[in-house]
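S.K.: Take this structure first; my questions come after.
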There are 2 protein chains.
Amino acid sequence: MKLKNLSMFLGLLAGCIFTCSAQVNEWRKLDPNQTVLLTLPQGKVVIELAPQFSPKHVDQFIKLVKAGHYDGNKFYRVIDGFVAQGGPKDESPEDKAVPLLSLEGDWPTDKDWQFTKVQDNDLFAEQTGFKEGFPLGYNPSENKAWLLHCPGIIAMARSNTPDSASSHFYITNGQAPRYLDRIMTVFGRVVYGMNHVQAITRTSVIEGEQAVPESDYTPMISLQMMSDVSKEQRIFLEIENTEHSAFQQKLADRRARKNEFFFKKPPPVLDICQTPVLSRLAQSN
Amino acid sequence: MKLKNLSMFLGLLAGCIFTCSAQVNEWRKLDPNQTVLLTLPQGKVVIELAPQFSPKHVDQFIKLVKAGHYDGNKFYRVIDGFVAQGGPKDESPEDKAVPLLSLEGDWPTDKDWQFTKVQDNDLFAEQTGFKEGFPLGYNPSENKAWLLHCPGIIAMARSNTPDSASSHFYITNGQAPRYLDRIMTVFGRVVYGMNHVQAITRTSVIEGEQAVPESDYTPMISLQMMSDVSKEQRIFLEIENTEHSAFQQKLADRRARKNEFFFKKPPPVLDICQTPVLSRLAQSN
């Protein structure tokens with residue numbers, strides 16, 4: 001065995017030590033029972049839910065989706081570089097019928113808790129990283145972790161009290177509004193069709209500009225659980241597995257910026273919200 | 001004078017100490033000779049140029065705009081959450097005729113250099129802040145400052161060598177790719193119509209998806225200096241003055257998050273790229 005081949009073999013073996021025992025693949029399939037298809041006039045958007053982090057919010061959201069609660073709702077608060085927020089008409093019977101949810105802003109971690117670390121000393125967290133595809137913050141000093149408001153996450157809106165979310169949700173469409181971390185419940189993330197989210201009509205105008213008429217607001221044609229979509233209409237996706245050694249290597253490469261384009265190296269840090277977790281189309285799920 | 005009025009008076013006086021001598025207004029008008037109107041099929045975009053920071057790039061860009069160099073060019077590299085890049089056809093006569101530019105990635109600061117500080121210990125810079133409306137990084141240890149790759153900035157593309165930019169430019173459309181700071185030349189920022197930038201057709205697809213045909217790429221209908229646009233067609237804008245005490249107060253308020261919505265205060269930090277500098281429509285310039 002030549003030295004190069006030997007080192008490749010050892011490299012594969014090292015990868016296997018981290019991953020083979022848990023049978024982690026480089027890509028993972030989405031669970032159609034935890035995936036939502038949002039159909040907009042401009043195209044289709046796929047959202048992966050996070051029941052492992054925000055179980056009560058996901059449970060209620062799925063019930064609402066299955067009941068057709070959102071179909072025909074509008075995105076009524078859409079601010080460029082911030083959020084696209086939608087839901088039923090305020091104070092309508094459909095709105096008032098939805099139970100209130102307790103905040104699921106963060107969760108306690110024990111000493112065995114693990115994640116794929118990306119960065120220390122982030123501006124808003126002691127550490128950042130990924131777990132099962134989701135960007136999160138982690139403060140070891142508090143033994144707490146939480147999902148982050150990176151672009152393309154879905155979270156539940158609320159009024160001033162912490163436990164006042166019901167069905168109105170927002171999708172972040174600009175620089176991560178990280179000041180909302182932990183005080184709002186993030187419960188999923190867009191894994192396909194973010195360009196269509198970006199094309200949702202802005203309802204917010206600048207001073208001096210004419211208001212946007214409500215008739216121009218972008219409707220949600222439908223929200224469906226992917227498991228309820230006919231096989232012909234489904235979008236089958238696979239997501240990079242953030243627990244796989246290949247992803248960890250990608251993080252290391254991204255930090256090192258070895259490509260000659262980087263004639264001068266940037267600081268060896270990574271903004272978690274600027275670190276992509278890729279999706280790809282699959283033949284079936 | 002009651003105590004409350006006295007403290008208000010002292011507050012105004014304190015504001016005046018910082019601002020009155022320089023006759024700084026709370027809003028400033030754009031210079032139509034340093035402002036570009038980009039017309040897209042979906043709407044109009046206004047870009048403020050930064051000749052005070054990137055003089056050579058701005059000078060060349062203005063010459064190209066005036067010569068009609070970009071009219072009919074396409075956005076040929078558009079990646080959701082990253083950039084919309086456009087320019088003439090690679091290796092076309094129009095492309096090859098443009099002189100190469102020396103990088104203007106950062107500049108030296110002297111002891112009298114000032115800016116409106118936003119944050120210490122940013123992930124990519126010792127300090128961040130604004131100067132004349134532009135977000136920047138500042139490393140006192142190096143005596144260097146530079147414009148940041150926040151969402152909505154315009155920068156010149158280049159090949160691998162530092163001094164290889166010519167006319168191809170990109171506008172950032174997602175979480176700030178701060179690892180490009182200082183190794184690319186940022187020379188302006190979108191101050192109006194970012195929603196139309198966000199609606200530029202993405203040319204980049206995920207694995208397994210069909211390529212986007214070139215005929216679908218979004219064209220630049222025209223780029224014009226605002227001073228060359230007829231008065232009837234102009235968009236007159238005013239921009240928040242980042243040197244005014246009112247803006248500094250806004251930063252302090254944003255950091256403190258006193259609104260009762262914040263039942264638990266977020267960390268008292270500000271992400272410079274998530275700190276808005278507002279525009280408003282004006283009657284005339």
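Every chain in the structure tokens takes a letter, A first, then B, and so on in the order presented; its residues are numbered from 1, and the ligands are numbered from 1 following the presented order.
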Pick out the residues sitting within 9 Å of Gly133 of chain A, and hand them over as a list of chain:residue names; count only C-alpha atoms, and ignore anything fewer than 3 positions along from it in its own chain.
M.R.: A:Phe130, A:Ile239, A:Glu240, A:Asn241, A:Thr242, A:Glu243, A:Val277
S.K.: Per residue of chain B within 6 Å of chain A, record the nearest atom pair and its distance in Å to one decimal, counting only C-alpha atoms, with rows in chain order and ascending residue number, as JSON lines.
M.R.:
{"residue": "B:Asn160", "atom": "CA", "partner": "A:Phe261", "partner_atom": "CA", "distance": 4.3}
{"residue": "B:Gly174", "atom": "CA", "partner": "A:Gly174", "partner_atom": "CA", "distance": 5.9}
{"residue": "B:Gln175", "atom": "CA", "partner": "A:Gln175", "partner_atom": "CA", "distance": 4.7}
{"residue": "B:Tyr179", "atom": "CA", "partner": "A:Pro266", "partner_atom": "CA", "distance": 5.4}
{"residue": "B:Gln198", "atom": "CA", "partner": "A:Gln198", "partner_atom": "CA", "distance": 5.9}
{"residue": "B:Ala199", "atom": "CA", "partner": "A:Ala199", "partner_atom": "CA", "distance": 5.5}
{"residue": "B:Ile206", "atom": "CA", "partner": "A:Arg280", "partner_atom": "CA", "distance": 5.5}
{"residue": "B:Glu207", "atom": "CA", "partner": "A:Arg280", "partner_atom": "CA", "distance": 4.8}
{"residue": "B:Gly208", "atom": "CA", "partner": "A:Leu281", "partner_atom": "CA", "distance": 4.9}
{"residue": "B:Phe261", "atom": "CA", "partner": "A:Asn160", "partner_atom": "CA", "distance": 4.3}
{"residue": "B:Pro266", "atom": "CA", "partner": "A:Tyr179", "partner_atom": "CA", "distance": 5.4}
{"residue": "B:Gln274", "atom": "CA", "partner": "A:Gln175", "partner_atom": "CA", "distance": 5.6}
{"residue": "B:Arg280", "atom": "CA", "partner": "A:Glu207", "partner_atom": "CA", "distance": 4.8}
{"residue": "B:Leu281", "atom": "CA", "partner": "A:Gly208", "partner_atom": "CA", "distance": 4.9}
S.K.: Generate the output file for the selected residues, C-alpha atoms, as a PDB file, in the first residue's frame.
M.R.:
ATOM      1  CA  ASN B 160      -8.096  35.124  -7.944  1.00  0.00           C
ATOM      2  CA  GLY B 174     -28.491  37.009   2.368  1.00  0.00           C
ATOM      3  CA  GLN B 175     -26.725  36.682   5.689  1.00  0.00           C
ATOM      4  CA  TYR B 179     -15.391  36.443   5.166  1.00  0.00           C
ATOM      5  CA  GLN B 198     -34.466  39.773  -3.829  1.00  0.00           C
ATOM      6  CA  ALA B 199     -36.738  38.975  -6.782  1.00  0.00           C
ATOM      7  CA  ILE B 206     -29.531  22.436  -5.919  1.00  0.00           C
ATOM      8  CA  GLU B 207     -28.191  18.994  -6.823  1.00  0.00           C
ATOM      9  CA  GLY B 208     -30.776  17.069  -8.815  1.00  0.00           C
ATOM     10  CA  PHE B 261     -42.294  42.647  24.181  1.00  0.00           C
ATOM     11  CA  PRO B 266     -31.505  39.712  24.825  1.00  0.00           C
ATOM     12  CA  GLN B 274     -28.859  43.698  11.430  1.00  0.00           C
ATOM     13  CA  ARG B 280     -37.431  57.828   3.295  1.00  0.00           C
ATOM     14  CA  LEU B 281     -38.946  59.413   0.214  1.00  0.00           C
TER      15      LEU B 281
END
S.K.: Would you compute the distance between atom CA of Lys231 of chain B and atom CA of Arg28 of chain B? Give it in Å to one decimal.
M.R.: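 We find that atom CA of Lys231 of chain B and atom CA of Arg28 of chain B lie 19.0 Å from each other.
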S.K.: Skip segment 48-59 of chain B itself and residues of its chain fewer than 6 positions away, then list as a ChimeraX atom specification all residues within 8 Å of it, counting only C-alpha atoms.
M.R.: /B:30,34-36,101-102,104,107,147,156,185-191
S.K.: Using only C-alpha atoms, pick whichever of B:Ser284, B:Ile62, B:Gln210, B:Asp110 has the shortest atom-to-atom distance to Arg234 of chain B.
M.R.: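 Of B:Ser284, B:Ile62, B:Gln210, B:Asp110, the one nearest Arg234 of chain B, counting only C-alpha atoms, is B:Ser284.
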S.K.: Show which residues sit within 12 Å of Gln233 of chain B, as JSON, numbers by chain. Count only C-alpha atoms, and ignore same-chain residues fewer than 6 positions away.
M.R.: {"B": [37, 39, 44, 224, 225, 226, 227, 284]}
S.K.: Mind checking which residues fall within 6 Å of Leu38 of chain B, counting only C-alpha atoms, ignoring those fewer than 4 positions away in the same chain, and posting them as a PyMOL selection string?
M.R.: chain B and resi 44-45+222-223
S.K.: Save the residues we just selected, all heavy atoms, as a CSV table (one decimal), in the first residue's frame?
M.R.:
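After the write, part-v5.csv holds the following:
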chain,number,residue,atom,x,y,z
B,44,LYS,N,-37.6,49.4,-9.5
B,44,LYS,CA,-36.5,50.3,-9.5
B,44,LYS,C,-35.7,50.1,-8.2
B,44,LYS,O,-36.3,50.0,-7.1
B,44,LYS,CB,-36.9,51.7,-9.7
B,44,LYS,CG,-37.4,52.0,-11.1
B,44,LYS,CD,-37.9,53.4,-11.3
B,44,LYS,CE,-38.5,53.6,-12.7
B,44,LYS,NZ,-37.6,53.4,-13.8
B,45,VAL,N,-34.4,50.2,-8.3
B,45,VAL,CA,-33.5,50.0,-7.2
B,45,VAL,C,-32.5,51.2,-7.2
B,45,VAL,O,-32.1,51.7,-8.2
B,45,VAL,CB,-32.6,48.7,-7.4
B,45,VAL,CG1,-31.6,48.6,-6.3
B,45,VAL,CG2,-33.5,47.5,-7.5
B,222,SER,N,-31.6,49.0,-17.3
B,222,SER,CA,-30.7,50.2,-17.4
B,222,SER,C,-30.0,50.5,-16.1
B,222,SER,O,-30.6,50.2,-15.0
B,222,SER,CB,-31.3,51.4,-18.0
B,222,SER,OG,-32.3,51.9,-17.1
B,223,LEU,N,-28.9,51.1,-16.1
B,223,LEU,CA,-28.3,51.7,-15.0
B,223,LEU,C,-28.0,53.2,-15.4
B,223,LEU,O,-27.4,53.4,-16.5
B,223,LEU,CB,-26.9,51.1,-14.6
B,223,LEU,CG,-27.0,49.9,-13.6
B,223,LEU,CD1,-27.4,48.6,-14.3
B,223,LEU,CD2,-25.7,49.7,-12.9
S.K.: Leaving out Trp113 of chain A and any residue of its chain fewer than 2 positions from it, which residues lie within 12 Å of it when counting only C-alpha atoms, given as a PDB file with all heavy atoms, in the first residue's frame?
M.R.:
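Result file follows (result01.pdb):
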ATOM      1  N   TRP A 107     -33.772  24.941  25.905  1.00  0.00           N
ATOM      2  CA  TRP A 107     -33.956  23.703  26.661  1.00  0.00           C
ATOM      3  C   TRP A 107     -32.709  23.410  27.474  1.00  0.00           C
ATOM      4  O   TRP A 107     -31.612  23.856  27.107  1.00  0.00           O
ATOM      5  CB  TRP A 107     -34.314  22.535  25.736  1.00  0.00           C
ATOM      6  CG  TRP A 107     -33.232  22.172  24.755  1.00  0.00           C
ATOM      7  CD1 TRP A 107     -32.195  21.314  24.953  1.00  0.00           C
ATOM      8  CD2 TRP A 107     -33.077  22.672  23.406  1.00  0.00           C
ATOM      9  NE1 TRP A 107     -31.401  21.250  23.832  1.00  0.00           N
ATOM     10  CE2 TRP A 107     -31.926  22.065  22.866  1.00  0.00           C
ATOM     11  CE3 TRP A 107     -33.809  23.567  22.605  1.00  0.00           C
ATOM     12  CZ2 TRP A 107     -31.487  22.315  21.572  1.00  0.00           C
ATOM     13  CZ3 TRP A 107     -33.353  23.819  21.315  1.00  0.00           C
ATOM     14  CH2 TRP A 107     -32.216  23.210  20.826  1.00  0.00           C
ATOM     15  N   PRO A 108     -32.880  22.677  28.582  1.00  0.00           N
ATOM     16  CA  PRO A 108     -31.712  22.343  29.407  1.00  0.00           C
ATOM     17  C   PRO A 108     -30.875  21.249  28.744  1.00  0.00           C
ATOM     18  O   PRO A 108     -31.409  20.377  28.059  1.00  0.00           O
ATOM     19  CB  PRO A 108     -32.331  21.834  30.707  1.00  0.00           C
ATOM     20  CG  PRO A 108     -33.693  21.360  30.326  1.00  0.00           C
ATOM     21  CD  PRO A 108     -34.139  22.174  29.141  1.00  0.00           C
ATOM     22  N   THR A 109     -29.576  21.328  28.915  1.00  0.00           N
ATOM     23  CA  THR A 109     -28.679  20.309  28.377  1.00  0.00           C
ATOM     24  C   THR A 109     -28.010  19.591  29.547  1.00  0.00           C
ATOM     25  O   THR A 109     -27.728  20.216  30.572  1.00  0.00           O
ATOM     26  CB  THR A 109     -27.593  20.944  27.491  1.00  0.00           C
ATOM     27  OG1 THR A 109     -26.925  21.967  28.246  1.00  0.00           O
ATOM     28  CG2 THR A 109     -28.200  21.561  26.252  1.00  0.00           C
ATOM     29  N   ASP A 110     -27.788  18.294  29.380  1.00  0.00           N
ATOM     30  CA  ASP A 110     -27.046  17.584  30.432  1.00  0.00           C
ATOM     31  C   ASP A 110     -25.617  17.341  29.967  1.00  0.00           C
ATOM     32  O   ASP A 110     -25.242  17.735  28.864  1.00  0.00           O
ATOM     33  CB  ASP A 110     -27.774  16.293  30.822  1.00  0.00           C
ATOM     34  CG  ASP A 110     -27.863  15.316  29.670  1.00  0.00           C
ATOM     35  OD1 ASP A 110     -27.008  15.386  28.767  1.00  0.00           O
ATOM     36  OD2 ASP A 110     -28.795  14.491  29.661  1.00  0.00           O
ATOM     37  N   LYS A 111     -24.831  16.677  30.778  1.00  0.00           N
ATOM     38  CA  LYS A 111     -23.398  16.567  30.464  1.00  0.00           C
ATOM     39  C   LYS A 111     -23.138  15.684  29.238  1.00  0.00           C
ATOM     40  O   LYS A 111     -22.082  15.762  28.637  1.00  0.00           O
ATOM     41  CB  LYS A 111     -22.614  16.074  31.686  1.00  0.00           C
ATOM     42  CG  LYS A 111     -22.941  14.652  32.134  1.00  0.00           C
ATOM     43  CD  LYS A 111     -22.066  14.216  33.291  1.00  0.00           C
ATOM     44  CE  LYS A 111     -22.491  12.851  33.833  1.00  0.00           C
ATOM     45  NZ  LYS A 111     -22.730  11.800  32.803  1.00  0.00           N
ATOM     46  N   PHE A 115     -23.351  18.232  20.129  1.00  0.00           N
ATOM     47  CA  PHE A 115     -23.729  18.888  18.880  1.00  0.00           C
ATOM     48  C   PHE A 115     -22.475  19.076  18.041  1.00  0.00           C
ATOM     49  O   PHE A 115     -21.354  18.797  18.509  1.00  0.00           O
ATOM     50  CB  PHE A 115     -24.445  20.217  19.156  1.00  0.00           C
ATOM     51  CG  PHE A 115     -23.554  21.345  19.624  1.00  0.00           C
ATOM     52  CD1 PHE A 115     -23.627  22.594  19.036  1.00  0.00           C
ATOM     53  CD2 PHE A 115     -22.641  21.174  20.660  1.00  0.00           C
ATOM     54  CE1 PHE A 115     -22.810  23.652  19.452  1.00  0.00           C
ATOM     55  CE2 PHE A 115     -21.827  22.216  21.090  1.00  0.00           C
ATOM     56  CZ  PHE A 115     -21.912  23.451  20.474  1.00  0.00           C
ATOM     57  N   THR A 116     -22.660  19.505  16.803  1.00  0.00           N
ATOM     58  CA  THR A 116     -21.521  19.768  15.920  1.00  0.00           C
ATOM     59  C   THR A 116     -21.145  21.235  16.085  1.00  0.00           C
ATOM     60  O   THR A 116     -21.802  22.126  15.549  1.00  0.00           O
ATOM     61  CB  THR A 116     -21.900  19.473  14.456  1.00  0.00           C
ATOM     62  OG1 THR A 116     -22.307  18.103  14.363  1.00  0.00           O
ATOM     63  CG2 THR A 116     -20.730  19.729  13.519  1.00  0.00           C
ATOM     64  N   LYS A 117     -20.089  21.476  16.832  1.00  0.00           N
ATOM     65  CA  LYS A 117     -19.740  22.858  17.146  1.00  0.00           C
ATOM     66  C   LYS A 117     -19.213  23.601  15.922  1.00  0.00           C
ATOM     67  O   LYS A 117     -18.468  23.045  15.117  1.00  0.00           O
ATOM     68  CB  LYS A 117     -18.687  22.899  18.262  1.00  0.00           C
ATOM     69  CG  LYS A 117     -18.475  24.324  18.779  1.00  0.00           C
ATOM     70  CD  LYS A 117     -17.771  24.339  20.116  1.00  0.00           C
ATOM     71  CE  LYS A 117     -16.297  24.563  19.919  1.00  0.00           C
ATOM     72  NZ  LYS A 117     -15.631  24.887  21.205  1.00  0.00           N
ATOM     73  N   LYS A 131     -27.302  20.794  15.148  1.00  0.00           N
ATOM     74  CA  LYS A 131     -27.757  19.485  15.604  1.00  0.00           C
ATOM     75  C   LYS A 131     -28.897  19.065  14.689  1.00  0.00           C
ATOM     76  O   LYS A 131     -29.873  19.805  14.525  1.00  0.00           O
ATOM     77  CB  LYS A 131     -28.223  19.555  17.061  1.00  0.00           C
ATOM     78  CG  LYS A 131     -28.338  18.177  17.721  1.00  0.00           C
ATOM     79  CD  LYS A 131     -28.577  18.316  19.212  1.00  0.00           C
ATOM     80  CE  LYS A 131     -28.782  16.974  19.884  1.00  0.00           C
ATOM     81  NZ  LYS A 131     -27.539  16.174  20.014  1.00  0.00           N
ATOM     82  N   TYR A 138     -25.516  27.593  22.236  1.00  0.00           N
ATOM     83  CA  TYR A 138     -25.300  26.745  23.414  1.00  0.00           C
ATOM     84  C   TYR A 138     -24.463  27.541  24.409  1.00  0.00           C
ATOM     85  O   TYR A 138     -23.382  28.031  24.074  1.00  0.00           O
ATOM     86  CB  TYR A 138     -24.579  25.460  22.983  1.00  0.00           C
ATOM     87  CG  TYR A 138     -24.106  24.559  24.104  1.00  0.00           C
ATOM     88  CD1 TYR A 138     -24.918  24.269  25.201  1.00  0.00           C
ATOM     89  CD2 TYR A 138     -22.840  23.966  24.048  1.00  0.00           C
ATOM     90  CE1 TYR A 138     -24.469  23.432  26.225  1.00  0.00           C
ATOM     91  CE2 TYR A 138     -22.387  23.117  25.053  1.00  0.00           C
ATOM     92  CZ  TYR A 138     -23.213  22.857  26.146  1.00  0.00           C
ATOM     93  OH  TYR A 138     -22.765  22.041  27.147  1.00  0.00           O
ATOM     94  N   ASN A 139     -24.994  27.705  25.596  1.00  0.00           N
ATOM     95  CA  ASN A 139     -24.227  28.331  26.677  1.00  0.00           C
ATOM     96  C   ASN A 139     -23.893  27.283  27.732  1.00  0.00           C
ATOM     97  O   ASN A 139     -24.743  26.958  28.581  1.00  0.00           O
ATOM     98  CB  ASN A 139     -25.044  29.467  27.328  1.00  0.00           C
ATOM     99  CG  ASN A 139     -24.970  30.756  26.536  1.00  0.00           C
ATOM    100  OD1 ASN A 139     -24.375  30.808  25.464  1.00  0.00           O
ATOM    101  ND2 ASN A 139     -25.578  31.811  27.060  1.00  0.00           N
ATOM    102  N   PRO A 140     -22.681  26.725  27.690  1.00  0.00           N
ATOM    103  CA  PRO A 140     -22.292  25.734  28.711  1.00  0.00           C
ATOM    104  C   PRO A 140     -22.427  26.292  30.125  1.00  0.00           C
ATOM    105  O   PRO A 140     -22.768  25.546  31.049  1.00  0.00           O
ATOM    106  CB  PRO A 140     -20.825  25.432  28.376  1.00  0.00           C
ATOM    107  CG  PRO A 140     -20.645  25.844  26.964  1.00  0.00           C
ATOM    108  CD  PRO A 140     -21.613  26.943  26.704  1.00  0.00           C
ATOM    109  N   ASN A 143     -25.915  25.631  30.898  1.00  0.00           N
ATOM    110  CA  ASN A 143     -26.483  24.347  30.479  1.00  0.00           C
ATOM    111  C   ASN A 143     -27.791  24.541  29.723  1.00  0.00           C
ATOM    112  O   ASN A 143     -28.816  23.926  30.037  1.00  0.00           O
ATOM    113  CB  ASN A 143     -26.679  23.412  31.673  1.00  0.00           C
ATOM    114  CG  ASN A 143     -25.370  22.916  32.226  1.00  0.00           C
ATOM    115  OD1 ASN A 143     -24.476  22.538  31.468  1.00  0.00           O
ATOM    116  ND2 ASN A 143     -25.221  22.961  33.549  1.00  0.00           N
ATOM    117  N   LYS A 144     -27.732  25.408  28.723  1.00  0.00           N
ATOM    118  CA  LYS A 144     -28.913  25.691  27.896  1.00  0.00           C
ATOM    119  C   LYS A 144     -28.518  25.723  26.422  1.00  0.00           C
ATOM    120  O   LYS A 144     -27.418  26.185  26.073  1.00  0.00           O
ATOM    121  CB  LYS A 144     -29.515  27.052  28.260  1.00  0.00           C
ATOM    122  CG  LYS A 144     -30.238  27.110  29.599  1.00  0.00           C
ATOM    123  CD  LYS A 144     -31.651  26.573  29.499  1.00  0.00           C
ATOM    124  CE  LYS A 144     -32.373  26.517  30.831  1.00  0.00           C
ATOM    125  NZ  LYS A 144     -32.657  27.834  31.376  1.00  0.00           N
ATOM    126  N   ALA A 145     -29.438  25.271  25.582  1.00  0.00           N
ATOM    127  CA  ALA A 145     -29.270  25.369  24.131  1.00  0.00           C
ATOM    128  C   ALA A 145     -30.574  25.865  23.521  1.00  0.00           C
ATOM    129  O   ALA A 145     -31.638  25.756  24.154  1.00  0.00           O
ATOM    130  CB  ALA A 145     -28.870  24.024  23.536  1.00  0.00           C
TER     131      ALA A 145
END
S.K.: To test your reading of the structure, identify every residue in segment 2-237 of chain A that backbone DSSP assigns to alpha helix (DSSP H), and report it as a ChimeraX atom specification.
M.R.: /A:3-19,55-66,93-96,194-198
S.K.: Between atom CA of Gly105 of chain B and atom CA of Leu148 of chain B, measure the distance and give it in Å to one decimal.
M.R.: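 A separation of 9.6 Å between them.
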S.K.: Residues of segment 122-182 of chain B in strand (DSSP E) according to DSSP, as a list of chain:residue names?
M.R.: B:Gln127, B:Thr128, B:Gly129, B:Phe130, B:Lys131, B:Phe134, B:Pro135, B:Leu136, B:Gly137, B:Tyr138, B:Asn139, B:Lys144, B:Ala145, B:Trp146, B:Leu147, B:Ile153, B:Ile154, B:Ala155, B:Met156, B:Phe169, B:Tyr170, B:Ile171, B:Thr172
S.K.: Leaving out Ser167 of chain A and any residue of its chain fewer than 4 positions from it, which residues lie within 9 Å of it when counting only C-alpha atoms, given as a ChimeraX atom specification?
M.R.: /A:60-61,64,69-70,86-88,95,98-100,156-158
